[in-house]
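S.K.: What follows is final37.cif, made up of mmCIF, C-alpha atoms and all ligand atoms:
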```cif
data_query
loop_
_atom_site.group_PDB
_atom_site.id
_atom_site.type_symbol
_atom_site.label_atom_id
_atom_site.label_comp_id
_atom_site.auth_asym_id
_atom_site.auth_seq_id
_atom_site.Cartn_x
_atom_site.Cartn_y
_atom_site.Cartn_z
ATOM 1 C CA MET A 13 5.616 7.303 17.066
ATOM 2 C CA LYS A 14 6.536 10.713 15.703
ATOM 3 C CA ILE A 15 4.297 12.763 13.403
ATOM 4 C CA ILE A 16 6.178 15.145 11.139
ATOM 5 C CA ASN A 17 4.081 17.489 9.041
ATOM 6 C CA SER A 18 6.628 19.624 7.293
ATOM 7 C CA ILE A 19 9.372 18.915 4.743
ATOM 8 C CA ALA A 20 12.456 20.476 6.365
ATOM 9 C CA PRO A 21 12.131 18.652 9.738
ATOM 10 C CA MET A 22 11.540 15.365 7.896
ATOM 11 C CA GLN A 23 14.715 15.873 5.891
ATOM 12 C CA SER A 24 16.810 16.752 8.966
ATOM 13 C CA PHE A 25 15.405 13.777 10.888
ATOM 14 C CA ALA A 26 16.297 11.422 8.005
ATOM 15 C CA GLU A 27 19.733 12.994 7.576
ATOM 16 C CA ALA A 28 20.501 12.589 11.299
ATOM 17 C CA LEU A 29 19.556 8.900 11.144
ATOM 18 C CA ARG A 30 21.769 8.390 8.110
ATOM 19 C CA LEU A 31 24.699 10.072 9.867
ATOM 20 C CA GLN A 32 24.277 7.588 12.734
ATOM 21 C CA GLY A 33 24.488 4.764 10.163
ATOM 22 C CA LYS A 34 20.807 3.838 10.636
ATOM 23 C CA LYS A 35 18.733 2.301 7.852
ATOM 24 C CA ILE A 36 15.397 3.872 6.818
ATOM 25 C CA SER A 37 12.510 1.957 5.239
ATOM 26 C CA PHE A 38 9.572 3.774 3.677
ATOM 27 C CA VAL A 39 5.965 3.031 2.753
ATOM 28 C CA PRO A 40 4.327 5.850 0.765
ATOM 29 C CA THR A 41 0.519 5.856 1.078
ATOM 30 C CA MET A 42 -2.540 7.994 0.520
ATOM 31 C CA GLY A 43 -3.923 6.919 3.907
ATOM 32 C CA TYR A 44 -7.214 5.242 4.830
ATOM 33 C CA PHE A 45 -5.326 2.126 5.792
ATOM 34 C CA HIS A 46 -6.470 -1.428 5.264
ATOM 35 C CA GLU A 47 -4.756 -4.762 5.880
ATOM 36 C CA GLY A 48 -2.825 -4.373 2.586
ATOM 37 C CA HIS A 49 -1.105 -1.216 3.862
ATOM 38 C CA LEU A 50 -0.458 -2.783 7.269
ATOM 39 C CA ASP A 51 1.158 -5.786 5.596
ATOM 40 C CA LEU A 52 3.547 -3.465 3.697
ATOM 41 C CA MET A 53 4.354 -1.693 6.975
ATOM 42 C CA ARG A 54 4.991 -4.914 8.904
ATOM 43 C CA GLU A 55 7.363 -6.136 6.194
ATOM 44 C CA ALA A 56 9.079 -2.746 5.849
ATOM 45 C CA ARG A 57 9.479 -2.617 9.641
ATOM 46 C CA LYS A 58 11.704 -5.704 9.489
ATOM 47 C CA MET A 59 13.952 -4.192 6.816
ATOM 48 C CA ALA A 60 15.371 -1.194 8.672
ATOM 49 C CA ASP A 61 15.998 0.635 11.950
ATOM 50 C CA CYS A 62 13.378 3.276 11.267
ATOM 51 C CA LEU A 63 10.113 2.913 9.333
ATOM 52 C CA VAL A 64 8.618 6.074 7.838
ATOM 53 C CA VAL A 65 5.092 6.037 6.384
ATOM 54 C CA SER A 66 3.808 9.008 4.406
ATOM 55 C CA ILE A 67 0.132 9.895 4.241
ATOM 56 C CA TYR A 68 -0.560 12.251 1.379
ATOM 57 C CA VAL A 69 -3.483 12.263 -1.052
ATOM 58 C CA ASN A 70 -1.533 13.442 -4.062
ATOM 59 C CA PRO A 71 -3.647 15.755 -6.258
ATOM 60 C CA THR A 72 -1.443 15.438 -9.370
ATOM 61 C CA GLN A 73 -2.264 11.755 -9.849
ATOM 62 C CA PHE A 74 -6.027 12.339 -10.012
ATOM 63 C CA GLY A 75 -7.653 13.252 -13.328
ATOM 64 C CA PRO A 76 -10.162 16.118 -13.552
ATOM 65 C CA LYS A 77 -13.121 13.681 -13.412
ATOM 66 C CA GLU A 78 -11.653 11.476 -10.665
ATOM 67 C CA ASP A 79 -12.445 11.133 -6.989
ATOM 68 C CA LEU A 80 -9.844 13.443 -5.329
ATOM 69 C CA SER A 81 -12.306 15.316 -3.116
ATOM 70 C CA LYS A 82 -14.188 12.202 -2.058
ATOM 71 C CA TYR A 83 -11.076 10.033 -1.569
ATOM 72 C CA PRO A 84 -11.554 8.541 1.943
ATOM 73 C CA ARG A 85 -9.499 10.181 4.689
ATOM 74 C CA ASP A 86 -9.206 9.472 8.430
ATOM 75 C CA PHE A 87 -5.915 10.592 9.926
ATOM 76 C CA ASP A 88 -6.719 9.676 13.548
ATOM 77 C CA ARG A 89 -7.712 6.124 12.657
ATOM 78 C CA ASP A 90 -4.639 5.784 10.403
ATOM 79 C CA SER A 91 -2.202 6.990 13.044
ATOM 80 C CA LYS A 92 -3.554 4.532 15.627
ATOM 81 C CA MET A 93 -3.232 1.672 13.149
ATOM 82 C CA ALA A 94 0.288 2.768 12.196
ATOM 83 C CA GLN A 95 1.342 2.936 15.840
ATOM 84 C CA ASP A 96 0.050 -0.606 16.416
ATOM 85 C CA VAL A 97 2.238 -2.054 13.639
ATOM 86 C CA GLY A 98 5.375 -0.287 14.878
ATOM 87 C CA VAL A 99 5.673 2.674 12.498
ATOM 88 C CA ASP A 100 8.321 5.116 13.803
ATOM 89 C CA VAL A 101 7.391 8.229 11.841
ATOM 90 C CA ILE A 102 4.317 9.398 9.956
ATOM 91 C CA PHE A 103 5.120 12.058 7.392
ATOM 92 C CA TYR A 104 1.929 14.048 6.783
ATOM 93 C CA PRO A 105 2.680 17.127 4.686
ATOM 94 C CA PRO A 106 0.227 19.822 3.551
ATOM 95 C CA ASN A 107 -0.499 20.563 -0.142
ATOM 96 C CA GLU A 108 0.988 24.079 0.127
ATOM 97 C CA GLU A 109 4.395 22.573 0.900
ATOM 98 C CA MET A 110 4.300 19.743 -1.619
ATOM 99 C CA TYR A 111 3.033 21.870 -4.511
ATOM 100 C CA PRO A 112 3.676 25.531 -3.639
ATOM 101 C CA GLU A 113 2.677 28.327 -5.978
ATOM 102 C CA ASN A 114 4.759 28.314 -9.160
ATOM 103 C CA TYR A 115 5.464 24.571 -8.871
ATOM 104 C CA GLN A 116 6.367 23.333 -12.388
ATOM 105 C CA THR A 117 8.553 20.215 -12.353
ATOM 106 C CA TYR A 118 7.296 16.705 -13.204
ATOM 107 C CA VAL A 119 8.865 13.284 -13.723
ATOM 108 C CA ASN A 120 7.582 11.231 -16.644
ATOM 109 C CA VAL A 121 8.431 7.580 -17.273
ATOM 110 C CA GLU A 122 7.665 7.007 -20.936
ATOM 111 C CA LYS A 123 6.949 3.503 -22.199
ATOM 112 C CA VAL A 124 5.694 1.412 -19.281
ATOM 113 C CA THR A 125 3.104 4.072 -18.435
ATOM 114 C CA GLN A 126 1.479 4.053 -21.870
ATOM 115 C CA ASN A 127 -0.621 0.882 -21.758
ATOM 116 C CA LEU A 128 -3.234 -0.335 -19.220
ATOM 117 C CA CYS A 129 -4.194 2.403 -16.695
ATOM 118 C CA GLY A 130 -2.074 4.874 -18.693
ATOM 119 C CA LEU A 131 -4.703 4.687 -21.479
ATOM 120 C CA SER A 132 -7.697 5.459 -19.302
ATOM 121 C CA ARG A 133 -5.984 7.729 -16.752
ATOM 122 C CA PRO A 134 -3.788 10.129 -18.749
ATOM 123 C CA GLY A 135 -1.316 11.939 -16.488
ATOM 124 C CA HIS A 136 -1.883 9.552 -13.572
ATOM 125 C CA PHE A 137 1.581 7.967 -13.581
ATOM 126 C CA ARG A 138 3.269 11.328 -14.133
ATOM 127 C CA GLY A 139 1.637 12.390 -10.852
ATOM 128 C CA VAL A 140 2.712 9.175 -9.111
ATOM 129 C CA THR A 141 6.344 9.330 -10.249
ATOM 130 C CA THR A 142 6.567 13.031 -9.451
ATOM 131 C CA ILE A 143 5.292 12.605 -5.893
ATOM 132 C CA CYS A 144 7.378 9.480 -5.263
ATOM 133 C CA ASN A 145 10.498 11.248 -6.476
ATOM 134 C CA LYS A 146 9.761 14.157 -4.134
ATOM 135 C CA LEU A 147 8.985 11.833 -1.216
ATOM 136 C CA PHE A 148 12.215 9.884 -1.789
ATOM 137 C CA ASN A 149 14.152 13.183 -1.617
ATOM 138 C CA ILE A 150 12.375 14.174 1.584
ATOM 139 C CA VAL A 151 12.323 10.847 3.486
ATOM 140 C CA LYS A 152 15.740 9.686 2.161
ATOM 141 C CA PRO A 153 14.904 5.982 2.510
ATOM 142 C CA HIS A 154 17.288 3.107 1.836
ATOM 143 C CA VAL A 155 14.354 0.925 0.838
ATOM 144 C CA ALA A 156 10.762 1.688 -0.242
ATOM 145 C CA VAL A 157 8.009 -0.904 -0.271
ATOM 146 C CA PHE A 158 5.051 -1.005 -2.698
ATOM 147 C CA GLY A 159 2.115 -3.379 -3.175
ATOM 148 C CA LYS A 160 1.943 -5.326 -6.415
ATOM 149 C CA LYS A 161 -1.819 -4.831 -6.622
ATOM 150 C CA ASP A 162 -0.824 -1.636 -8.423
ATOM 151 C CA TYR A 163 1.422 -3.641 -10.708
ATOM 152 C CA GLN A 164 1.945 -0.926 -13.321
ATOM 153 C CA GLN A 165 2.763 1.580 -10.582
ATOM 154 C CA PHE A 166 5.349 -0.823 -9.124
ATOM 155 C CA ILE A 167 7.007 -1.380 -12.537
ATOM 156 C CA THR A 168 6.940 2.363 -13.269
ATOM 157 C CA ILE A 169 8.583 3.306 -9.949
ATOM 158 C CA LYS A 170 11.262 0.663 -10.447
ATOM 159 C CA ARG A 171 11.943 2.035 -13.931
ATOM 160 C CA MET A 172 12.203 5.605 -12.589
ATOM 161 C CA VAL A 173 14.591 4.576 -9.810
ATOM 162 C CA THR A 174 16.824 2.739 -12.279
ATOM 163 C CA ASP A 175 16.711 5.433 -14.957
ATOM 164 C CA MET A 176 17.319 8.330 -12.555
ATOM 165 C CA ASN A 177 19.999 6.446 -10.572
ATOM 166 C CA LEU A 178 18.113 7.026 -7.336
ATOM 167 C CA ASP A 179 20.006 5.492 -4.460
ATOM 168 C CA LEU A 180 17.340 3.247 -2.928
ATOM 169 C CA GLU A 181 15.924 -0.227 -3.323
ATOM 170 C CA ILE A 182 12.314 -0.791 -4.429
ATOM 171 C CA ILE A 183 10.555 -3.874 -3.090
ATOM 172 C CA GLY A 184 7.200 -5.159 -4.348
ATOM 173 C CA LEU A 185 4.995 -7.319 -2.116
ATOM 174 C CA PRO A 186 2.137 -9.628 -3.180
ATOM 175 C CA THR A 187 -1.459 -8.366 -3.176
ATOM 176 C CA VAL A 188 -3.285 -8.847 0.113
ATOM 177 C CA ARG A 189 -6.818 -10.170 -0.352
ATOM 178 C CA GLU A 190 -9.989 -10.418 1.723
ATOM 179 C CA ALA A 191 -10.965 -13.923 2.851
ATOM 180 C CA ASP A 192 -13.171 -14.249 -0.254
ATOM 181 C CA GLY A 193 -10.363 -13.153 -2.608
ATOM 182 C CA LEU A 194 -11.241 -9.498 -3.282
ATOM 183 C CA ALA A 195 -8.018 -7.497 -3.538
ATOM 184 C CA MET A 196 -7.779 -5.007 -0.667
ATOM 185 C CA SER A 197 -8.230 -1.396 -1.737
ATOM 186 C CA SER A 198 -9.266 1.832 -0.036
ATOM 187 C CA ARG A 199 -11.936 2.068 -2.750
ATOM 188 C CA ASN A 200 -13.668 -1.156 -1.606
ATOM 189 C CA VAL A 201 -15.590 0.915 0.971
ATOM 190 C CA TYR A 202 -17.610 2.417 -1.888
ATOM 191 C CA LEU A 203 -18.995 -0.979 -2.998
ATOM 192 C CA LYS A 204 -22.646 -1.677 -2.196
ATOM 193 C CA GLU A 205 -23.450 -5.195 -0.982
ATOM 194 C CA ASN A 206 -24.594 -6.560 -4.353
ATOM 195 C CA GLU A 207 -21.706 -4.841 -6.167
ATOM 196 C CA ARG A 208 -19.244 -6.486 -3.822
ATOM 197 C CA VAL A 209 -20.565 -9.889 -4.907
ATOM 198 C CA SER A 210 -19.987 -8.919 -8.555
ATOM 199 C CA ALA A 211 -16.503 -7.641 -7.699
ATOM 200 C CA LEU A 212 -15.506 -11.182 -6.749
ATOM 201 C CA ASN A 213 -15.590 -12.068 -10.434
ATOM 202 C CA LEU A 214 -12.349 -10.145 -10.852
ATOM 203 C CA VAL A 215 -10.285 -12.573 -8.793
ATOM 204 C CA LYS A 216 -12.318 -15.497 -10.149
ATOM 205 C CA SER A 217 -11.367 -14.423 -13.650
ATOM 206 C CA LEU A 218 -7.661 -14.282 -12.713
ATOM 207 C CA LYS A 219 -7.957 -17.809 -11.330
ATOM 208 C CA LEU A 220 -9.639 -18.909 -14.550
ATOM 209 C CA ALA A 221 -6.793 -17.389 -16.564
ATOM 210 C CA GLN A 222 -4.223 -19.284 -14.479
ATOM 211 C CA LYS A 223 -6.254 -22.502 -14.918
ATOM 212 C CA LEU A 224 -6.275 -22.087 -18.706
ATOM 213 C CA TYR A 225 -2.540 -21.374 -18.606
ATOM 214 C CA ASP A 226 -1.986 -24.506 -16.485
ATOM 215 C CA SER A 227 -3.874 -26.556 -19.055
ATOM 216 C CA GLY A 228 -1.375 -25.394 -21.694
ATOM 217 C CA GLU A 229 -3.216 -22.431 -23.264
ATOM 218 C CA ARG A 230 -0.782 -19.726 -24.415
ATOM 219 C CA LYS A 231 -2.902 -17.663 -26.838
ATOM 220 C CA SER A 232 -3.842 -14.369 -25.175
ATOM 221 C CA SER A 233 -7.021 -13.969 -27.244
ATOM 222 C CA ARG A 234 -8.431 -17.316 -26.050
ATOM 223 C CA ILE A 235 -7.687 -16.597 -22.385
ATOM 224 C CA LEU A 236 -9.023 -13.041 -22.680
ATOM 225 C CA SER A 237 -12.304 -14.066 -24.276
ATOM 226 C CA GLU A 238 -13.065 -16.509 -21.437
ATOM 227 C CA VAL A 239 -12.008 -14.031 -18.765
ATOM 228 C CA THR A 240 -14.009 -11.199 -20.321
ATOM 229 C CA GLY A 241 -17.075 -13.453 -20.545
ATOM 230 C CA LEU A 242 -16.835 -14.312 -16.855
ATOM 231 C CA ILE A 243 -16.535 -10.685 -15.754
ATOM 232 C CA LYS A 244 -19.395 -9.573 -18.002
ATOM 233 C CA SER A 245 -21.643 -12.302 -16.588
ATOM 234 C CA ALA A 246 -21.706 -10.404 -13.257
ATOM 235 C CA PRO A 247 -24.180 -7.508 -12.985
ATOM 236 C CA TYR A 248 -23.005 -3.882 -12.432
ATOM 237 C CA THR A 249 -19.659 -4.533 -14.167
ATOM 238 C CA GLU A 250 -18.207 -2.435 -16.953
ATOM 239 C CA ILE A 251 -14.783 -3.451 -18.255
ATOM 240 C CA ASP A 252 -12.214 -0.701 -18.778
ATOM 241 C CA TYR A 253 -9.523 -3.159 -19.900
ATOM 242 C CA VAL A 254 -8.468 -6.772 -19.555
ATOM 243 C CA LYS A 255 -5.064 -7.400 -21.115
ATOM 244 C CA ILE A 256 -2.211 -9.852 -21.164
ATOM 245 C CA CYS A 257 1.162 -8.111 -21.257
ATOM 246 C CA ASP A 258 4.845 -8.838 -20.956
ATOM 247 C CA ALA A 259 5.465 -8.589 -17.198
ATOM 248 C CA THR A 260 8.391 -6.159 -17.617
ATOM 249 C CA THR A 261 7.620 -4.006 -20.665
ATOM 250 C CA LEU A 262 3.829 -4.038 -20.101
ATOM 251 C CA MET A 263 3.264 -4.240 -23.871
ATOM 252 C CA ASP A 264 0.365 -6.413 -25.107
ATOM 253 C CA ILE A 265 1.398 -9.884 -26.205
ATOM 254 C CA ASP A 266 -0.503 -12.317 -28.487
ATOM 255 C CA GLU A 267 1.230 -15.420 -27.138
ATOM 256 C CA ILE A 268 2.559 -16.048 -23.649
ATOM 257 C CA ALA A 269 6.217 -16.905 -24.219
ATOM 258 C CA THR A 270 8.015 -14.820 -21.568
ATOM 259 C CA GLN A 271 6.875 -13.915 -18.047
ATOM 260 C CA ALA A 272 3.417 -12.421 -18.507
ATOM 261 C CA VAL A 273 0.818 -10.579 -16.447
ATOM 262 C CA ILE A 274 -2.922 -10.458 -16.876
ATOM 263 C CA ALA A 275 -4.127 -7.044 -15.710
ATOM 264 C CA LEU A 276 -7.647 -5.719 -15.486
ATOM 265 C CA ALA A 277 -9.585 -2.614 -14.571
ATOM 266 C CA VAL A 278 -13.330 -2.924 -14.125
ATOM 267 C CA LYS A 279 -15.947 -0.482 -12.952
ATOM 268 C CA VAL A 280 -18.277 -2.172 -10.487
ATOM 269 C CA GLY A 281 -21.179 0.204 -9.987
ATOM 270 C CA THR A 282 -19.352 3.530 -9.857
ATOM 271 C CA THR A 283 -16.169 2.112 -8.297
ATOM 272 C CA ARG A 284 -13.183 1.410 -10.533
ATOM 273 C CA LEU A 285 -11.240 -1.633 -9.316
ATOM 274 C CA ILE A 286 -7.956 -3.035 -10.591
ATOM 275 C CA ASP A 287 -6.354 -6.421 -10.120
ATOM 276 C CA ASN A 288 -3.662 -8.512 -11.803
ATOM 277 C CA HIS A 289 -1.875 -11.818 -11.764
ATOM 278 C CA VAL A 290 1.575 -12.812 -12.999
ATOM 279 C CA PHE A 291 1.167 -16.256 -14.584
ATOM 280 C CA GLY A 292 2.809 -18.901 -12.468
ATOM 281 C CA ASP A 293 2.880 -16.804 -9.278
ATOM 282 C CA PRO A 294 0.804 -17.986 -6.315
ATOM 283 C CA LEU A 295 -2.687 -16.458 -6.230
ATOM 284 C CA ASN A 296 -3.367 -16.153 -2.502
ATOM 285 C CA THR A 297 -7.067 -16.338 -1.760
HETATM 286 O O1 LIG B 301 -0.284 3.713 -4.257
HETATM 287 C C1 LIG B 301 -0.538 4.802 -3.709
HETATM 288 O O2 LIG B 301 -1.209 4.885 -2.676
HETATM 289 C C2 LIG B 301 -0.045 6.088 -4.359
HETATM 290 O O3 LIG B 301 -0.094 5.998 -5.744
HETATM 291 C C3 LIG B 301 1.349 6.516 -3.875
HETATM 292 C C4 LIG B 301 2.412 5.509 -4.260
HETATM 293 C C5 LIG B 301 1.330 6.706 -2.370
HETATM 294 C C6 LIG B 301 1.735 7.859 -4.515
HETATM 295 O O4 LIG B 301 0.830 8.862 -4.175
#
```
Could you write out this file's structure as structure tokens?
Ligand code: PAF
M.R.:
Amino acid sequence: MKIINSIAPMQSFAEALRLQGKKISFVPTMGYFHEGHLDLMREARKMADCLVVSIYVNPTQFGPKEDLSKYPRDFDRDSKMAQDVGVDVIFYPPNEEMYPENYQTYVNVEKVTQNLCGLSRPGHFRGVTTICNKLFNIVKPHVAVFGKKDYQQFITIKRMVTDMNLDLEIIGLPTVREADGLAMSSRNVYLKENERVSALNLVKSLKLAQKLYDSGERKSSRILSEVTGLIKSAPYTEIDYVKICDATTLMDIDEIATQAVIALAVKVGTTRLIDNHVFGDPLNT
């Protein structure tokens, strides 16, 4: 496994592969790997001749009051894990190269970033689309793989790639969960034991929503009031949002008539967790 920690050598490496007719798959990450990341890597590995994984904690997607400095980092552990799943290249650039002095260009996807996390994390998706655009230009992948746990991020990246005519395919993979159903996230390490028990109400509430849907309920308000009640019944929880949206536009809907997603963000103790479920999709727990 190769570790490349500068932009120009990454670009020449990718260009050389392309000239040989080789296919590049890409998993962008902020490191501190868990099984969810490894699952993306294993799948991406099968899709191409060369799998590149980037590790970069992107400052522009963190708000001023967010956890950039305490975001968990462990490069040595990550590189061992990456090697074990067959990653070919880790791209690990420094901040000074990604955002040099006088940096001033950003990519903004307008509508799908407005609702959900866009309401509570202004500027977050602008940071995500900007860094992904840059990484796509550096790694030159044919295919990039994202987890659908960050559903709004996945939809936003797809929109950007379509709108900007970027020449790569975006694949979304289902959320990987712990044995008890908790969606895997680098932030789970912050949960204290009793908070972790409360956090399970997130996936339980998604299951409840699917159950109500299966019994024929289509009114968002009825599903949301039951789901909200279940989450609130767990101690240490503070709801940021629980919403039912059109699965493509991410606008709120009153009635489920098209493909719909229930998305939620809940603070458990001091840790903000997100989860979602597209009605009708399997909910693997
Ligand atoms: O999902 C993430 O880890 C990040 O938002 C991403 C896509 C790597 C961009 O920094």
S.K.: Expanded to explicit residues, what is the PyMOL selection byres (((chain A and resi 198-211) around 12) and not hetatm) for this file, as an MDAnalysis selection string?
M.R.: chainID A and resid 41:49 69 79:80 82:86 161 189:190 192:197 212:217 242:251 276:287
S.K.: Would you tabulate, counting all atoms listed in the file, all residues of chain A that have an atom at most 8 Å from an atom of ligand LIG 301 (chain B), showing the closest pair of atoms and their distance in Å to one decimal, sorted by chain then ascending number, as JSON lines?
M.R.:
```
{"residue": "A:Val39", "atom": "CA", "partner": "B:LIG301", "partner_atom": "C5", "distance": 7.8}
{"residue": "A:Pro40", "atom": "CA", "partner": "B:LIG301", "partner_atom": "C5", "distance": 4.4}
{"residue": "A:Thr41", "atom": "CA", "partner": "B:LIG301", "partner_atom": "C5", "distance": 3.6}
{"residue": "A:Met42", "atom": "CA", "partner": "B:LIG301", "partner_atom": "O2", "distance": 4.7}
{"residue": "A:Gly43", "atom": "CA", "partner": "B:LIG301", "partner_atom": "O2", "distance": 7.4}
{"residue": "A:Ser66", "atom": "CA", "partner": "B:LIG301", "partner_atom": "C5", "distance": 7.6}
{"residue": "A:Ile67", "atom": "CA", "partner": "B:LIG301", "partner_atom": "C5", "distance": 7.4}
{"residue": "A:Tyr68", "atom": "CA", "partner": "B:LIG301", "partner_atom": "O4", "distance": 6.7}
{"residue": "A:Val69", "atom": "CA", "partner": "B:LIG301", "partner_atom": "O4", "distance": 6.3}
{"residue": "A:Asn70", "atom": "CA", "partner": "B:LIG301", "partner_atom": "O4", "distance": 5.2}
{"residue": "A:Gln73", "atom": "CA", "partner": "B:LIG301", "partner_atom": "O4", "distance": 7.1}
{"residue": "A:Gly139", "atom": "CA", "partner": "B:LIG301", "partner_atom": "O4", "distance": 7.6}
{"residue": "A:Val140", "atom": "CA", "partner": "B:LIG301", "partner_atom": "C6", "distance": 4.9}
{"residue": "A:Thr141", "atom": "CA", "partner": "B:LIG301", "partner_atom": "C6", "distance": 7.5}
{"residue": "A:Ile143", "atom": "CA", "partner": "B:LIG301", "partner_atom": "O4", "distance": 6.1}
{"residue": "A:Cys144", "atom": "CA", "partner": "B:LIG301", "partner_atom": "C6", "distance": 5.9}
{"residue": "A:Phe158", "atom": "CA", "partner": "B:LIG301", "partner_atom": "C4", "distance": 7.2}
{"residue": "A:Gly159", "atom": "CA", "partner": "B:LIG301", "partner_atom": "O1", "distance": 7.6}
{"residue": "A:Asp162", "atom": "CA", "partner": "B:LIG301", "partner_atom": "O1", "distance": 6.8}
{"residue": "A:Gln165", "atom": "CA", "partner": "B:LIG301", "partner_atom": "O3", "distance": 7.1}
```
S.K.: In Å to one decimal, how far is atom CA of A:Gln164 from atom CA of A:Asp252?
M.R.: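 According to the coordinates, atom CA of A:Asp252 and atom CA of A:Gln164 are separated by 15.2 Å.
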S.K.: Atom CA of A:Val290 and atom CA of A:Gln271 are how many Å apart?
M.R.: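 Interatomic distance here is 7.4 Å.
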S.K.: If I take atom CA of A:Phe103 and atom CA of A:Gln116, how far is one from the other in Å, to one decimal?
M.R.: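 Computing it gives 22.8 Å between the two atoms.
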S.K.: I need the residue nearest A:Lys123 from this list: A:Phe38, A:Ala28, A:Ala60, A:Thr260. Use all atoms listed in the file for the distance.
M.R.: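 The closest residue to A:Lys123 is A:Thr260.
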S.K.: Report as lines of an AutoDock Vina configuration file the centre and the edge lengths, in Å to one decimal, of the axis-aligned box holding every listed atom of stretch 92-104 of chain A, padded by 4 Å on each side.
M.R.:
```
center_x = 2.4
center_y = 6.0
center_z = 11.6
size_x = 19.9
size_y = 24.1
size_z = 17.6
```
S.K.: Give me the residues within 9 Å of A:Arg133 as a ChimeraX atom specification, counting only C-alpha atoms and dropping any in the same chain fewer than 5 places off.
M.R.: /A:73-75,128
S.K.: May I ask which of the residues A:Arg171, A:Leu50, A:Glu238, A:Arg30 is the closest one to A:Lys92, counting only C-alpha atoms?
M.R.: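 Ranked by minimum distance to A:Lys92, first place goes to A:Leu50.
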S.K.: Given the file shown, enumerate the residues that the PyMOL selection byres (((chain A and resi 221-229) around 10) and not hetatm) captures and present them as a list in words.
M.R.: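 Expected selection for the PyMOL selection byres (((chain A and resi 221-229) around 10) and not hetatm) here is Val215, Lys216, Ser217, Leu218, Lys219, Leu220, Arg230, Lys231, Ser232, Arg234, Ile235, Leu236, Glu238, Val239, Ile256, Glu267, Ile268, Ile274, His289, Val290, Phe291, Gly292, Asp293, Pro294 and Leu295 of chain A.
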S.K.: Would you list the contacts of A:Glu181 as a list in words, taking every protein, DNA or RNA residue within 7 Å and counting only C-alpha atoms, but skipping same-chain residues closer than 3 positions in sequence?
M.R.: His154, Val155 and Ala156 of chain A
S.K.: Let's have the selection written as a PDB file, keeping the file's coordinate frame, with C-alpha atoms.
M.R.:
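And here is the file that came out, result-v2.pdb:
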```
ATOM      1  CA  HIS A 154      17.288   3.107   1.836  1.00  0.00           C
ATOM      2  CA  VAL A 155      14.354   0.925   0.838  1.00  0.00           C
ATOM      3  CA  ALA A 156      10.762   1.688  -0.242  1.00  0.00           C
TER       4      ALA A 156
END
```
S.K.: List the spatial neighbours of A:Gln126 as a VMD selection string - criterion: any atom at most 12 Å away, only C-alpha atoms, same-chain residues fewer than 3 positions off excluded.
M.R.: chain A and resid 120 to 123 129 to 138 164 to 165 168 261 to 264
S.K.: Which residues are close to A:Lys14, i.e. within 7 Å by only C-alpha atoms, leaving aside same-chain residues fewer than 5 positions away? Reply as a list in words.
M.R.: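 Within the cut-off, the hits are Asp100, Val101 and Ile102 of chain A.
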S.K.: Next, write the just-selected residues to a file, as a PDB file, in the coordinates of the input, keeping C-alpha atoms as the atom set.
M.R.:
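Result saved to again_2.pdb:
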```
ATOM      1  CA  ASP A 100       8.321   5.116  13.803  1.00  0.00           C
ATOM      2  CA  VAL A 101       7.391   8.229  11.841  1.00  0.00           C
ATOM      3  CA  ILE A 102       4.317   9.398   9.956  1.00  0.00           C
TER       4      ILE A 102
END
```
S.K.: Given the PyMOL selection byres (((chain A and resi 35) around 12) and not hetatm) and the file above, list the residues it selects as number ranges by chain.
M.R.: A: 26-34, 36-38, 56-64, 151-156, 180-181
S.K.: Store the residues of this selection in a file with C-alpha atoms, as a PDB file, in the coordinates of the input.
M.R.:
```pdb
ATOM      1  CA  ALA A  26      16.297  11.422   8.005  1.00  0.00           C
ATOM      2  CA  GLU A  27      19.733  12.994   7.576  1.00  0.00           C
ATOM      3  CA  ALA A  28      20.501  12.589  11.299  1.00  0.00           C
ATOM      4  CA  LEU A  29      19.556   8.900  11.144  1.00  0.00           C
ATOM      5  CA  ARG A  30      21.769   8.390   8.110  1.00  0.00           C
ATOM      6  CA  LEU A  31      24.699  10.072   9.867  1.00  0.00           C
ATOM      7  CA  GLN A  32      24.277   7.588  12.734  1.00  0.00           C
ATOM      8  CA  GLY A  33      24.488   4.764  10.163  1.00  0.00           C
ATOM      9  CA  LYS A  34      20.807   3.838  10.636  1.00  0.00           C
ATOM     10  CA  ILE A  36      15.397   3.872   6.818  1.00  0.00           C
ATOM     11  CA  SER A  37      12.510   1.957   5.239  1.00  0.00           C
ATOM     12  CA  PHE A  38       9.572   3.774   3.677  1.00  0.00           C
ATOM     13  CA  ALA A  56       9.079  -2.746   5.849  1.00  0.00           C
ATOM     14  CA  ARG A  57       9.479  -2.617   9.641  1.00  0.00           C
ATOM     15  CA  LYS A  58      11.704  -5.704   9.489  1.00  0.00           C
ATOM     16  CA  MET A  59      13.952  -4.192   6.816  1.00  0.00           C
ATOM     17  CA  ALA A  60      15.371  -1.194   8.672  1.00  0.00           C
ATOM     18  CA  ASP A  61      15.998   0.635  11.950  1.00  0.00           C
ATOM     19  CA  CYS A  62      13.378   3.276  11.267  1.00  0.00           C
ATOM     20  CA  LEU A  63      10.113   2.913   9.333  1.00  0.00           C
ATOM     21  CA  VAL A  64       8.618   6.074   7.838  1.00  0.00           C
ATOM     22  CA  VAL A 151      12.323  10.847   3.486  1.00  0.00           C
ATOM     23  CA  LYS A 152      15.740   9.686   2.161  1.00  0.00           C
ATOM     24  CA  PRO A 153      14.904   5.982   2.510  1.00  0.00           C
ATOM     25  CA  HIS A 154      17.288   3.107   1.836  1.00  0.00           C
ATOM     26  CA  VAL A 155      14.354   0.925   0.838  1.00  0.00           C
ATOM     27  CA  ALA A 156      10.762   1.688  -0.242  1.00  0.00           C
ATOM     28  CA  LEU A 180      17.340   3.247  -2.928  1.00  0.00           C
ATOM     29  CA  GLU A 181      15.924  -0.227  -3.323  1.00  0.00           C
TER      30      GLU A 181
END
```
